[in-house]
Amino acid sequence: MAPKKEKKPEVGIVFPLDKKGARSTSSAGKSILVAALAEDQALASKCEREKNWRFGYNKHFMAHVKHSCSSADKSIKSAKAGLDYMYDNFQFVRKAGAEPIAFREELKTNKASFKTGRIVGTGSRDGIKLTMPYNGGYTSANTKAPTAADEICGDALKAQLNLWAEQGVVEPDVAQAAAFTSDYLQKGNSLADVYVVQIGAGSAMGPFSKLLELGANIIALDIPGNWGGPRPSWKLWERLISTAKASPGTLTFPLIREQAAAESEGIQDLCEACGANLMEQPAEITNWLLEVIGGLPKGSKVVIGNYTYLDGELHVKLALAADAVISGVRAVHPETGCAFLCTPTDIHVVPEAAHAAALRNYSAFRIGTLFEKFVQCVTMFSKLRNNALPAVTAEDGHKVYLVDGLSVAQGPNYALAKRMQHWRAQLTYSEGAVASTRIAPSTATISVLHNKTFQWAYFGMPYFEPFEIFKQETTNALMTALLIHDLVNPKASKNPNNSKASKIGNTVELFRTESVHGGLWRSAYQVDSIGETSALVHFCGGPKLFPMFLIAVTVLFLFLSTKLLF
């Protein structure tokens, strides 16, 4: 029997101790949501009594969202209460073996910072235009990444955006917003005054390369370059720096040594001096960002985006560390906006038109309808559940429509980490700054495709129209275009100055606008209920051939039945 590995002592952000003296993620997650539901004692009590948090958390998150939908005041109070609980109860360990201190104390008392590195790109700013790599959605017959030959721009880009909107792959306001960015750049406008702090600069889903390509400025945060292992982290920084050098943009990053001294010893030495540990150095990162942002030209458009992800409880810690950085910077520079890519597998407020489309798709008759009804009956309606939920009536009488894309298998830690981002966006918007937050589509990234089950489901999902699985390069370009739109268009819906025009009276409705949901909002069935059927579709010929497969099976069944009867 192999010896049990000793657990390394925790350093940085740690979960609070529960009543038994353990750092239970389930206990903490439940307590956070109870705090967010505190204004409704009945809901809070139900949440507190939940015994199977791992598989029962979803209904309490739905209760929280419905509670937030009831009024603008409750929505903001709930968001603030959830975050406040975390800051009041999570702890921080400064070094291995040290006694934990309050997380708030660490943020308040740690005054350390970093040196600053800067790369000015050598690329030309002439003729910059928005392009989007697109060669179709991800299917079993189309797995190749788009290349330069597949780049679309101008009228071709707008035509694709409008097609997606017509099909229900994206909401119509997505096409309008991305087209605005395209026209803005086509007219020769510069992004030299746009500064995006990207937490997780090396993220596959982040806007790093596209922003630099369009001449914007990146303030990059990612793991320390001196981390070793089979994939040494200095290689990540080498990629980021080389991308910046070839672009018309600029790159600013934290260093543990002076840039000149590190550069003189070679690219590896420079890269090994880059980066910071977000979970262990949130205070130092905040202090450094305050120095950098404080030195930017007056009138700069600044936004901080969190594009990080880790599995399990680490995702919650990472989300809290990023939130501490965002709130710490905004406390000094309240004009600074925030940016997030919301997951489609969550609970969201949706437009009435999307709700109506989901209802129509559920009721529509198609070749596979009988098969789908059979699946529903066999599984007692646990699979292929209706995506169009009953409306929530707010206290002022207006109807709020929701979609439940929450995937229970992803777990409560993932749901909490993403809900925290909602809360920060709501508070930022309510405090008068841009909250560039919207749903990004299901995307065939390398990390997702390593899981064969996910890959099989992705191959079959387009059967459930209007689902489309995006390729990473397409997602990057489109979501970057929407981020730019929020910063340069004074009439953007994510700008709180336009809340009346955008009909965002309640901040939870902020996520209703400009969603690139990939068809999830308008599909007949809830996404958490189609996975197994999608995989079956894949193995029976894929979305295009599956209807023909069903027809063949039906004909064969009728033929055999006739033979038996006669």
# chains A, B, ... in the order shown; residues from 1 in each chain; ligands from 1
>>> select_by_dssp(residues="region 160-353 of chain A", states="helix (DSSP H, G or I)", output="MDAnalysis selection string")
chainID A and resid 160:167 172:186 208:213 234:245 259:264 267:272 282:294 313:332 352:353
>>> residues_around(residues="Ile219 (chain A)", least_positions_apart="5", cutoff="10 Å", atoms="only C-alpha atoms", output="PDB file with C-alpha atoms, in the first residue's frame")
ATOM      1  CA  GLY A 117       8.170  45.928 -15.955  1.00  0.00           C
ATOM      2  CA  ARG A 118       7.000  47.480 -19.220  1.00  0.00           C
ATOM      3  CA  TYR A 195      -5.987  49.954 -20.001  1.00  0.00           C
ATOM      4  CA  VAL A 196      -7.146  46.454 -19.087  1.00  0.00           C
ATOM      5  CA  VAL A 197      -5.804  44.869 -15.920  1.00  0.00           C
ATOM      6  CA  GLN A 198      -6.013  41.187 -16.783  1.00  0.00           C
ATOM      7  CA  ILE A 199      -5.935  38.876 -13.772  1.00  0.00           C
ATOM      8  CA  ALA A 201      -3.217  37.058 -18.447  1.00  0.00           C
ATOM      9  CA  PHE A 208      -4.821  39.259 -23.950  1.00  0.00           C
ATOM     10  CA  THR A 250       1.865  47.899 -24.377  1.00  0.00           C
ATOM     11  CA  LEU A 251       2.372  45.414 -21.561  1.00  0.00           C
ATOM     12  CA  THR A 252       2.934  46.285 -17.898  1.00  0.00           C
ATOM     13  CA  PHE A 253       3.665  43.578 -15.334  1.00  0.00           C
ATOM     14  CA  PRO A 254       4.944  43.047 -11.774  1.00  0.00           C
ATOM     15  CA  LEU A 289      -1.730  48.226  -9.051  1.00  0.00           C
ATOM     16  CA  VAL A 292       0.599  51.734 -11.665  1.00  0.00           C
ATOM     17  CA  ILE A 293      -2.954  53.031 -12.133  1.00  0.00           C
ATOM     18  CA  VAL A 302      -9.340  51.453 -16.907  1.00  0.00           C
ATOM     19  CA  VAL A 303     -11.010  48.141 -16.156  1.00  0.00           C
ATOM     20  CA  ILE A 304      -9.918  45.146 -14.068  1.00  0.00           C
TER      21      ILE A 304
END
>>> residues_around(residues="region 487-496 of chain A", least_positions_apart="6", cutoff="9 Å", atoms="only C-alpha atoms", output="ChimeraX atom specification")
/A:177,180-181,184,191,194,301-303,337,429-437,502-504,510,513-514
>>> residues_around(residues="Gly202 (chain A)", least_positions_apart="6", cutoff="9 Å", atoms="only C-alpha atoms", output="list in words")
Phe208, Ala220, Leu221, Asp222, Ile223, Leu236, Trp237, Arg239, Leu240, Tyr307 and Thr308 of chain A
>>> residues_around(residues="Lys19 (chain A)", least_positions_apart="4", cutoff="12 Å", atoms="only C-alpha atoms", output="number ranges by chain")
A: 23-24, 27-28, 31
>>> write_last_selection(atoms="N, CA and C atoms", output="JSON list (two decimals), in the first residue's frame")
[["chain", "number", "residue", "atom", "x", "y", "z"],
["A", 23, "ARG", "N", -11.66, 23.15, 8.27],
["A", 23, "ARG", "CA", -11.89, 24.17, 7.24],
["A", 23, "ARG", "C", -12.73, 23.55, 6.12],
["A", 24, "SER", "N", -14.01, 23.42, 6.40],
["A", 24, "SER", "CA", -14.93, 22.76, 5.49],
["A", 24, "SER", "C", -15.43, 23.74, 4.42],
["A", 27, "SER", "N", -19.38, 23.78, 4.57],
["A", 27, "SER", "CA", -19.90, 24.60, 5.67],
["A", 27, "SER", "C", -19.76, 26.09, 5.33],
["A", 28, "ALA", "N", -18.59, 26.46, 4.78],
["A", 28, "ALA", "CA", -18.36, 27.87, 4.44],
["A", 28, "ALA", "C", -19.28, 28.31, 3.32],
["A", 31, "SER", "N", -22.77, 28.83, 4.61],
["A", 31, "SER", "CA", -22.85, 30.02, 5.46],
["A", 31, "SER", "C", -22.83, 31.31, 4.64]]
>>> residues_around(residues="region 450-467 of chain A", least_positions_apart="2", cutoff="8 Å", atoms="only C-alpha atoms", output="JSON, numbers by chain")
{"A": [138, 139, 140, 167, 168, 169, 444, 446, 447, 448, 469, 518, 519, 520, 522, 523, 524, 530, 531, 532, 533, 534, 535, 536, 537, 538, 542, 543, 544, 546]}
>>> residues_around(residues="Pro248 (chain A)", least_positions_apart="5", cutoff="7 Å", atoms="only C-alpha atoms", output="PyMOL selection string")
chain A and resi 121-125+212-213+215
>>> write_last_selection(atoms="N, CA and C atoms", output="compact mmCIF listing (two decimals), in the first residue's frame")
# COMPACT_ATOMS: atom_id res chain seq x y z
N GLY A 121 5.14 47.74 -27.54
CA GLY A 121 5.12 46.98 -28.78
C GLY A 121 5.66 47.76 -29.96
N THR A 122 6.17 47.04 -30.92
CA THR A 122 6.75 47.67 -32.12
C THR A 122 5.82 47.59 -33.32
N GLY A 123 4.63 47.00 -33.15
CA GLY A 123 3.70 46.86 -34.26
C GLY A 123 3.10 48.19 -34.68
N SER A 124 2.68 48.28 -35.91
CA SER A 124 2.10 49.52 -36.45
C SER A 124 0.66 49.71 -35.98
N ARG A 125 0.30 50.95 -35.71
CA ARG A 125 -1.07 51.29 -35.34
C ARG A 125 -1.90 51.68 -36.56
N LEU A 212 -4.03 43.44 -27.42
CA LEU A 212 -2.74 43.95 -27.89
C LEU A 212 -2.74 44.14 -29.40
N GLU A 213 -3.34 43.20 -30.10
CA GLU A 213 -3.43 43.29 -31.57
C GLU A 213 -4.16 44.56 -32.00
N GLY A 215 -4.16 47.36 -30.27
CA GLY A 215 -3.46 48.55 -29.80
C GLY A 215 -3.82 49.02 -28.41
>>> select_by_dssp(residues="region 27-261 of chain A", states="strand (DSSP E or B)", output="compact mmCIF listing (two decimals) with N, CA and C atoms, in the first residue's frame")
# COMPACT_ATOMS: atom_id res chain seq x y z
N GLN A 91 -9.66 33.58 6.41
CA GLN A 91 -8.42 33.94 7.10
C GLN A 91 -7.24 33.92 6.13
N PHE A 92 -6.10 34.32 6.66
CA PHE A 92 -4.90 34.41 5.82
C PHE A 92 -3.69 33.91 6.60
N VAL A 93 -2.89 33.06 5.94
CA VAL A 93 -1.66 32.53 6.54
C VAL A 93 -0.48 33.10 5.76
N ILE A 101 -4.40 34.86 10.38
CA ILE A 101 -4.93 36.15 10.80
C ILE A 101 -6.19 36.42 9.96
N ALA A 102 -6.94 37.43 10.36
CA ALA A 102 -8.14 37.78 9.60
C ALA A 102 -7.74 38.26 8.20
N LYS A 115 8.27 45.63 -8.14
CA LYS A 115 8.86 46.49 -9.16
C LYS A 115 7.95 46.42 -10.38
N THR A 116 8.20 47.30 -11.35
CA THR A 116 7.34 47.35 -12.54
C THR A 116 8.12 47.10 -13.82
N GLY A 117 7.61 46.19 -14.64
CA GLY A 117 8.17 45.93 -15.95
C GLY A 117 7.25 46.50 -17.02
N ARG A 118 7.82 46.88 -18.15
CA ARG A 118 7.00 47.48 -19.22
C ARG A 118 7.60 47.13 -20.58
N ILE A 119 6.73 46.71 -21.48
CA ILE A 119 7.10 46.42 -22.86
C ILE A 119 6.25 47.29 -23.77
N VAL A 120 6.90 48.04 -24.65
CA VAL A 120 6.19 48.84 -25.65
C VAL A 120 6.28 48.11 -26.98
N THR A 131 -10.98 41.90 -36.44
CA THR A 131 -11.18 40.67 -37.21
C THR A 131 -11.59 39.56 -36.25
N MET A 132 -12.29 38.59 -36.77
CA MET A 132 -12.71 37.45 -35.95
C MET A 132 -12.42 36.15 -36.69
N PRO A 133 -11.61 35.26 -36.12
CA PRO A 133 -11.35 33.97 -36.76
C PRO A 133 -12.61 33.09 -36.66
N THR A 139 -17.63 20.89 -34.10
CA THR A 139 -18.37 19.64 -34.28
C THR A 139 -17.39 18.53 -34.56
N ASN A 142 -15.72 19.23 -37.64
CA ASN A 142 -15.05 20.53 -37.75
C ASN A 142 -14.34 20.87 -36.45
N GLU A 151 -10.13 34.55 -41.15
CA GLU A 151 -10.46 35.82 -40.50
C GLU A 151 -11.57 36.54 -41.28
N ILE A 152 -12.59 37.02 -40.54
CA ILE A 152 -13.63 37.83 -41.16
C ILE A 152 -13.65 39.19 -40.48
N CYS A 153 -14.01 40.22 -41.22
CA CYS A 153 -14.07 41.57 -40.66
C CYS A 153 -15.08 42.39 -41.46
N VAL A 194 -7.01 52.94 -23.52
CA VAL A 194 -7.69 51.82 -22.87
C VAL A 194 -6.66 50.96 -22.13
N TYR A 195 -6.88 50.76 -20.84
CA TYR A 195 -5.99 49.95 -20.00
C TYR A 195 -6.80 48.84 -19.35
N VAL A 196 -6.45 47.61 -19.65
CA VAL A 196 -7.15 46.45 -19.09
C VAL A 196 -6.20 45.71 -18.16
N VAL A 197 -6.54 45.69 -16.88
CA VAL A 197 -5.80 44.87 -15.92
C VAL A 197 -6.36 43.46 -16.07
N GLN A 198 -5.54 42.54 -16.55
CA GLN A 198 -6.01 41.19 -16.78
C GLN A 198 -5.44 40.26 -15.72
N ILE A 199 -6.31 39.87 -14.79
CA ILE A 199 -5.93 38.88 -13.77
C ILE A 199 -6.09 37.50 -14.43
N ASN A 217 -3.74 48.59 -24.05
CA ASN A 217 -2.68 48.41 -23.05
C ASN A 217 -3.10 47.35 -22.03
N ILE A 218 -2.22 46.39 -21.80
CA ILE A 218 -2.50 45.33 -20.84
C ILE A 218 -1.63 45.51 -19.61
N ILE A 219 -2.25 45.43 -18.45
CA ILE A 219 -1.53 45.35 -17.18
C ILE A 219 -1.75 43.90 -16.72
N ALA A 220 -0.71 43.09 -16.86
CA ALA A 220 -0.87 41.64 -16.77
C ALA A 220 -0.51 41.08 -15.40
N LEU A 221 -1.36 40.18 -14.91
CA LEU A 221 -1.10 39.45 -13.69
C LEU A 221 -1.25 37.96 -13.97
N THR A 250 0.83 47.91 -25.41
CA THR A 250 1.87 47.90 -24.38
C THR A 250 1.51 46.87 -23.31
N LEU A 251 2.53 46.40 -22.63
CA LEU A 251 2.37 45.41 -21.56
C LEU A 251 3.08 45.91 -20.32
N THR A 252 2.37 45.93 -19.20
CA THR A 252 2.93 46.29 -17.90
C THR A 252 2.74 45.09 -16.97
N PHE A 253 3.75 44.79 -16.15
CA PHE A 253 3.66 43.58 -15.33
C PHE A 253 4.50 43.74 -14.07
N PRO A 254 4.18 42.97 -13.02
CA PRO A 254 4.94 43.05 -11.77
C PRO A 254 6.24 42.25 -11.86
N LEU A 255 7.28 42.77 -11.22
CA LEU A 255 8.60 42.12 -11.19
C LEU A 255 9.11 42.05 -9.76
